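> Below you'll find the structure I mean.
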Amino acid sequence: ATRLERLVGPLRAAGVQRLNVSLDSLDPKRFSAITGGGDLGAVLRGLAAAREAGFAPIKINTVAMRGVNDHEIGPIVDFCGTHGFILRLIETMPVGEAGRRALDHYLPLDEVERRLAERHALVVEDAPADGPARYLRIGEGGQRIGLINPLSRHFCATCKRLRLTADGLLHPCLDGLGAVPLRETLRDGTDNALEQSIRRALLQKPRGHRFHQSQGRPVRFMAYTGG
């Protein structure tokens, strides 16, 4: 979200209402190291501008990494609570070479949940979420925190996600190599042809991810697809 501050207006004008923003640290130096030179100040200004412009909900995605930012989970929870953002904590996923290196810092979110329970009265939401996150509420204020556990709690059986990239490819799974091209159909095809392509992508969704079996086979970088 380093460009969000100046894009808030155009995004709202285009009809965007909800935002997900990656924020793995509130320390400028650590944020820069994690992101390869990212400017934390620009991200925070962008978030403030988005909130002022009425985007809702604004979800903050934080990858919990042992020895990197695990000591910041409490401050990030407090930051999101203060500004009305929904925090979603995510386990590291071995997608691409960078993701496999990140496994050195793997932190099961059950451990994070136990730490949070020492600070707050947590209530598990009974209603199923519309995505992969399992949500908790902090009892004293009602703040929502989502936990996304792709490794310690396999959620593939209930996954309803398809991901459309900027180059017109519809990916049925973050881990899958198969994708259905939509660009030409969007430009020149009929509504029926587009529907059939989307159905084909749905039918290609695998039974489960193969993150642990990614050694030796090509896998897209997470940044190519998005979360």
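To be explicit about the labels: the chains of the structure tokens are called A, B, and onward in the order shown, and within each one the residues are counted from 1, while ligands get numbers from 1 in the order they are shown.
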Taking the DSSP secondary structure from the backbone, can you list the residues of chain A that are strand (DSSP E), as an MDAnalysis selection string?
chainID A and resid 19:22 58:63 86:90 122:124 134:138 144:148 163:164 169:171 180:181
> Using the selection just defined, write its residues with N, CA, C and O atoms as a CSV table (one decimal), in the first residue's frame.

chain,number,residue,atom,x,y,z
A,19,LEU,N,-10.6,-3.2,1.3
A,19,LEU,CA,-9.2,-3.2,1.1
A,19,LEU,C,-8.5,-4.3,2.0
A,19,LEU,O,-8.9,-4.4,3.1
A,20,ASN,N,-7.6,-5.0,1.4
A,20,ASN,CA,-6.6,-5.8,2.2
A,20,ASN,C,-5.2,-5.2,2.1
A,20,ASN,O,-4.8,-5.0,0.9
A,21,VAL,N,-4.6,-5.0,3.2
A,21,VAL,CA,-3.2,-4.4,3.1
A,21,VAL,C,-2.3,-5.3,3.9
A,21,VAL,O,-2.6,-5.6,5.1
A,22,SER,N,-1.1,-5.6,3.4
A,22,SER,CA,-0.1,-6.3,4.1
A,22,SER,C,0.7,-5.4,5.0
A,22,SER,O,1.2,-4.4,4.5
A,58,ILE,N,-11.4,-2.5,6.2
A,58,ILE,CA,-10.0,-2.5,5.9
A,58,ILE,C,-9.4,-3.6,6.7
A,58,ILE,O,-9.4,-3.6,7.9
A,59,LYS,N,-8.8,-4.6,6.0
A,59,LYS,CA,-8.2,-5.7,6.6
A,59,LYS,C,-6.7,-5.6,6.6
A,59,LYS,O,-6.1,-5.4,5.5
A,60,ILE,N,-6.1,-5.9,7.7
A,60,ILE,CA,-4.6,-5.9,7.7
A,60,ILE,C,-4.1,-7.3,7.8
A,60,ILE,O,-4.5,-8.1,8.7
A,61,ASN,N,-3.3,-7.7,6.8
A,61,ASN,CA,-2.8,-9.1,6.8
A,61,ASN,C,-1.3,-9.1,7.3
A,61,ASN,O,-0.5,-8.4,6.8
A,62,THR,N,-1.1,-9.8,8.4
A,62,THR,CA,0.2,-9.9,9.0
A,62,THR,C,0.7,-11.3,9.0
A,62,THR,O,0.0,-12.2,9.6
A,63,VAL,N,1.8,-11.6,8.4
A,63,VAL,CA,2.4,-13.0,8.5
A,63,VAL,C,3.2,-13.1,9.7
A,63,VAL,O,4.1,-12.3,10.0
A,86,ILE,N,-9.5,-4.7,10.7
A,86,ILE,CA,-9.6,-6.1,11.0
A,86,ILE,C,-8.3,-6.7,10.8
A,86,ILE,O,-7.8,-6.7,9.7
A,87,LEU,N,-7.7,-7.3,11.8
A,87,LEU,CA,-6.4,-7.9,11.7
A,87,LEU,C,-6.6,-9.4,11.3
A,87,LEU,O,-7.4,-10.1,11.9
A,88,ARG,N,-5.8,-9.8,10.3
A,88,ARG,CA,-5.8,-11.3,10.0
A,88,ARG,C,-4.3,-11.7,10.1
A,88,ARG,O,-3.4,-11.3,9.3
A,89,LEU,N,-4.1,-12.7,11.0
A,89,LEU,CA,-2.8,-13.2,11.2
A,89,LEU,C,-2.6,-14.5,10.3
A,89,LEU,O,-3.6,-15.3,10.2
A,90,ILE,N,-1.5,-14.6,9.7
A,90,ILE,CA,-1.3,-15.7,8.6
A,90,ILE,C,-0.1,-16.4,8.9
A,90,ILE,O,1.0,-15.8,9.2
A,122,LEU,N,-10.8,-13.9,24.8
A,122,LEU,CA,-11.1,-14.2,23.4
A,122,LEU,C,-12.4,-15.0,23.3
A,122,LEU,O,-12.7,-15.9,24.0
A,123,VAL,N,-13.2,-14.6,22.3
A,123,VAL,CA,-14.5,-15.4,22.0
A,123,VAL,C,-14.4,-15.8,20.5
A,123,VAL,O,-14.1,-15.0,19.6
A,124,VAL,N,-14.5,-17.1,20.3
A,124,VAL,CA,-14.5,-17.7,19.0
A,124,VAL,C,-15.9,-17.4,18.3
A,124,VAL,O,-16.9,-17.7,18.9
A,134,ARG,N,-10.4,-18.1,10.4
A,134,ARG,CA,-11.2,-18.4,11.6
A,134,ARG,C,-11.2,-17.2,12.5
A,134,ARG,O,-10.1,-16.7,12.8
A,135,TYR,N,-12.3,-16.6,12.9
A,135,TYR,CA,-12.3,-15.3,13.5
A,135,TYR,C,-12.5,-15.4,15.0
A,135,TYR,O,-13.3,-16.3,15.5
A,136,LEU,N,-11.8,-14.6,15.8
A,136,LEU,CA,-12.0,-14.4,17.2
A,136,LEU,C,-12.4,-13.0,17.5
A,136,LEU,O,-12.2,-12.1,16.7
A,137,ARG,N,-13.0,-12.8,18.6
A,137,ARG,CA,-13.3,-11.4,19.1
A,137,ARG,C,-12.7,-11.2,20.4
A,137,ARG,O,-12.7,-12.1,21.3
A,138,ILE,N,-12.2,-10.0,20.6
A,138,ILE,CA,-11.7,-9.7,21.9
A,138,ILE,C,-12.9,-9.2,22.7
A,138,ILE,O,-13.5,-8.2,22.4
A,144,ARG,N,-12.2,-7.7,16.0
A,144,ARG,CA,-12.1,-9.0,15.3
A,144,ARG,C,-10.7,-9.3,14.9
A,144,ARG,O,-10.0,-8.4,14.4
A,145,ILE,N,-10.3,-10.5,15.1
A,145,ILE,CA,-9.0,-11.0,14.7
A,145,ILE,C,-9.2,-12.3,13.9
A,145,ILE,O,-9.8,-13.2,14.4
A,146,GLY,N,-8.7,-12.4,12.7
A,146,GLY,CA,-8.8,-13.6,11.9
A,146,GLY,C,-7.5,-14.4,12.0
A,146,GLY,O,-6.4,-13.8,12.0
A,147,LEU,N,-7.6,-15.7,12.0
A,147,LEU,CA,-6.4,-16.6,12.0
A,147,LEU,C,-6.5,-17.4,10.7
A,147,LEU,O,-7.5,-18.1,10.5
A,148,ILE,N,-5.5,-17.4,9.9
A,148,ILE,CA,-5.4,-18.1,8.7
A,148,ILE,C,-4.3,-19.1,8.8
A,148,ILE,O,-3.1,-18.8,8.8
A,163,ARG,N,-8.6,-16.6,-8.0
A,163,ARG,CA,-7.8,-15.4,-8.0
A,163,ARG,C,-7.5,-14.9,-9.5
A,163,ARG,O,-7.0,-15.7,-10.2
A,164,LEU,N,-8.0,-13.7,-9.8
A,164,LEU,CA,-7.8,-13.2,-11.1
A,164,LEU,C,-6.6,-12.2,-11.1
A,164,LEU,O,-6.7,-11.2,-10.4
A,169,LEU,N,-5.4,-14.1,-16.0
A,169,LEU,CA,-5.4,-15.5,-15.7
A,169,LEU,C,-6.2,-15.8,-14.4
A,169,LEU,O,-6.0,-15.1,-13.4
A,170,LEU,N,-7.1,-16.7,-14.4
A,170,LEU,CA,-7.9,-17.1,-13.3
A,170,LEU,C,-7.3,-18.3,-12.6
A,170,LEU,O,-7.3,-19.4,-13.2
A,171,HIS,N,-6.7,-18.2,-11.4
A,171,HIS,CA,-6.1,-19.3,-10.8
A,171,HIS,C,-7.0,-19.9,-9.8
A,171,HIS,O,-7.5,-19.2,-8.9
A,180,VAL,N,-6.8,-20.6,-15.9
A,180,VAL,CA,-7.7,-20.5,-17.0
A,180,VAL,C,-7.6,-19.1,-17.5
A,180,VAL,O,-7.8,-18.1,-16.8
A,181,PRO,N,-7.2,-18.9,-18.8
A,181,PRO,CA,-7.1,-17.5,-19.4
A,181,PRO,C,-8.4,-16.9,-19.7
A,181,PRO,O,-9.3,-17.5,-20.3
> From a DSSP calculation on the backbone, collect every residue of segment 21-141 of chain A in helix (DSSP H, G or I) and output the set as a ChimeraX atom specification.
/A:28-35,40-53,70-83,96-105,109-119
> Go through A:His209, A:Asp126, A:Leu186, A:Gly46 one by one, measure the shortest atom-to-atom distance of each to Met93 of chain A using only C-alpha atoms, and give the residue with the smallest value.
A:His209
> Find, counting only C-alpha atoms, the residue in A:Pro172, A:Gly41, A:Gly67, A:Gly9 that gets nearest to His105 of chain A.
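When distances to His105 of chain A are compared using only C-alpha atoms, the smallest one comes from A:Gly67.
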> As a ChimeraX atom specification, please: the residues near Glu52 of chain A (cut-off 12 Å, only C-alpha atoms, same-chain neighbours under 4 positions excluded).
/A:5,8-9,12,45-48,56,58,83-84
> Keeping only C-alpha atoms, write those residues as a PDB file, in the first residue's frame.

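Just written: part-v1.pdb:
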ATOM      1  CA  GLU A   5      -2.481   7.554  -0.384  1.00  0.00           C
ATOM      2  CA  VAL A   8      -7.559   6.395  -2.727  1.00  0.00           C
ATOM      3  CA  GLY A   9      -9.642   8.760  -4.861  1.00  0.00           C
ATOM      4  CA  ARG A  12     -13.202   4.843  -4.759  1.00  0.00           C
ATOM      5  CA  ARG A  45      -0.517   7.487   5.445  1.00  0.00           C
ATOM      6  CA  GLY A  46      -2.311   5.412   2.835  1.00  0.00           C
ATOM      7  CA  LEU A  47      -4.265   3.533   5.487  1.00  0.00           C
ATOM      8  CA  ALA A  48      -5.269   6.798   7.156  1.00  0.00           C
ATOM      9  CA  ALA A  56     -14.709  -0.609   4.871  1.00  0.00           C
ATOM     10  CA  ILE A  58     -10.010  -2.501   5.851  1.00  0.00           C
ATOM     11  CA  HIS A  83      -7.974   2.434  13.998  1.00  0.00           C
ATOM     12  CA  GLY A  84     -10.889   0.061  13.447  1.00  0.00           C
TER      13      GLY A  84
END
> Which residues come within 12 Å of Arg161 of chain A, counting only C-alpha atoms, excluding same-chain residues fewer than 5 positions away, as a list in words?
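After dropping sequence-adjacent residues, the list is Asp130, Gly131, Pro132, Ala133, Phe155, Cys156, Leu170, His171, Pro172, Cys173, Leu174, Ile198, Ala201, Leu202, Lys205, Pro206, Gly226 and Gly227 of chain A.
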> Quick one: of A:His120, A:His71, A:His154, A:Arg66, who's nearest to Tyr106 of chain A, counting only C-alpha atoms?
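Ranking A:His120, A:His71, A:His154, A:Arg66 by distance to Tyr106 of chain A, first place goes to A:Arg66.
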> Which of these, A:Leu203, A:Leu11, A:Ala42, A:Ala50, has the shortest distance to Gly178 of chain A once you count only C-alpha atoms?
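Closest candidate: A:Leu203.
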> What separation in Å, quoted to one decimal, exists between atom CA of Thr35 of chain A and atom CA of Val77 of chain A?
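Going from atom CA of Thr35 of chain A over to atom CA of Val77 of chain A covers 20.1 Å.
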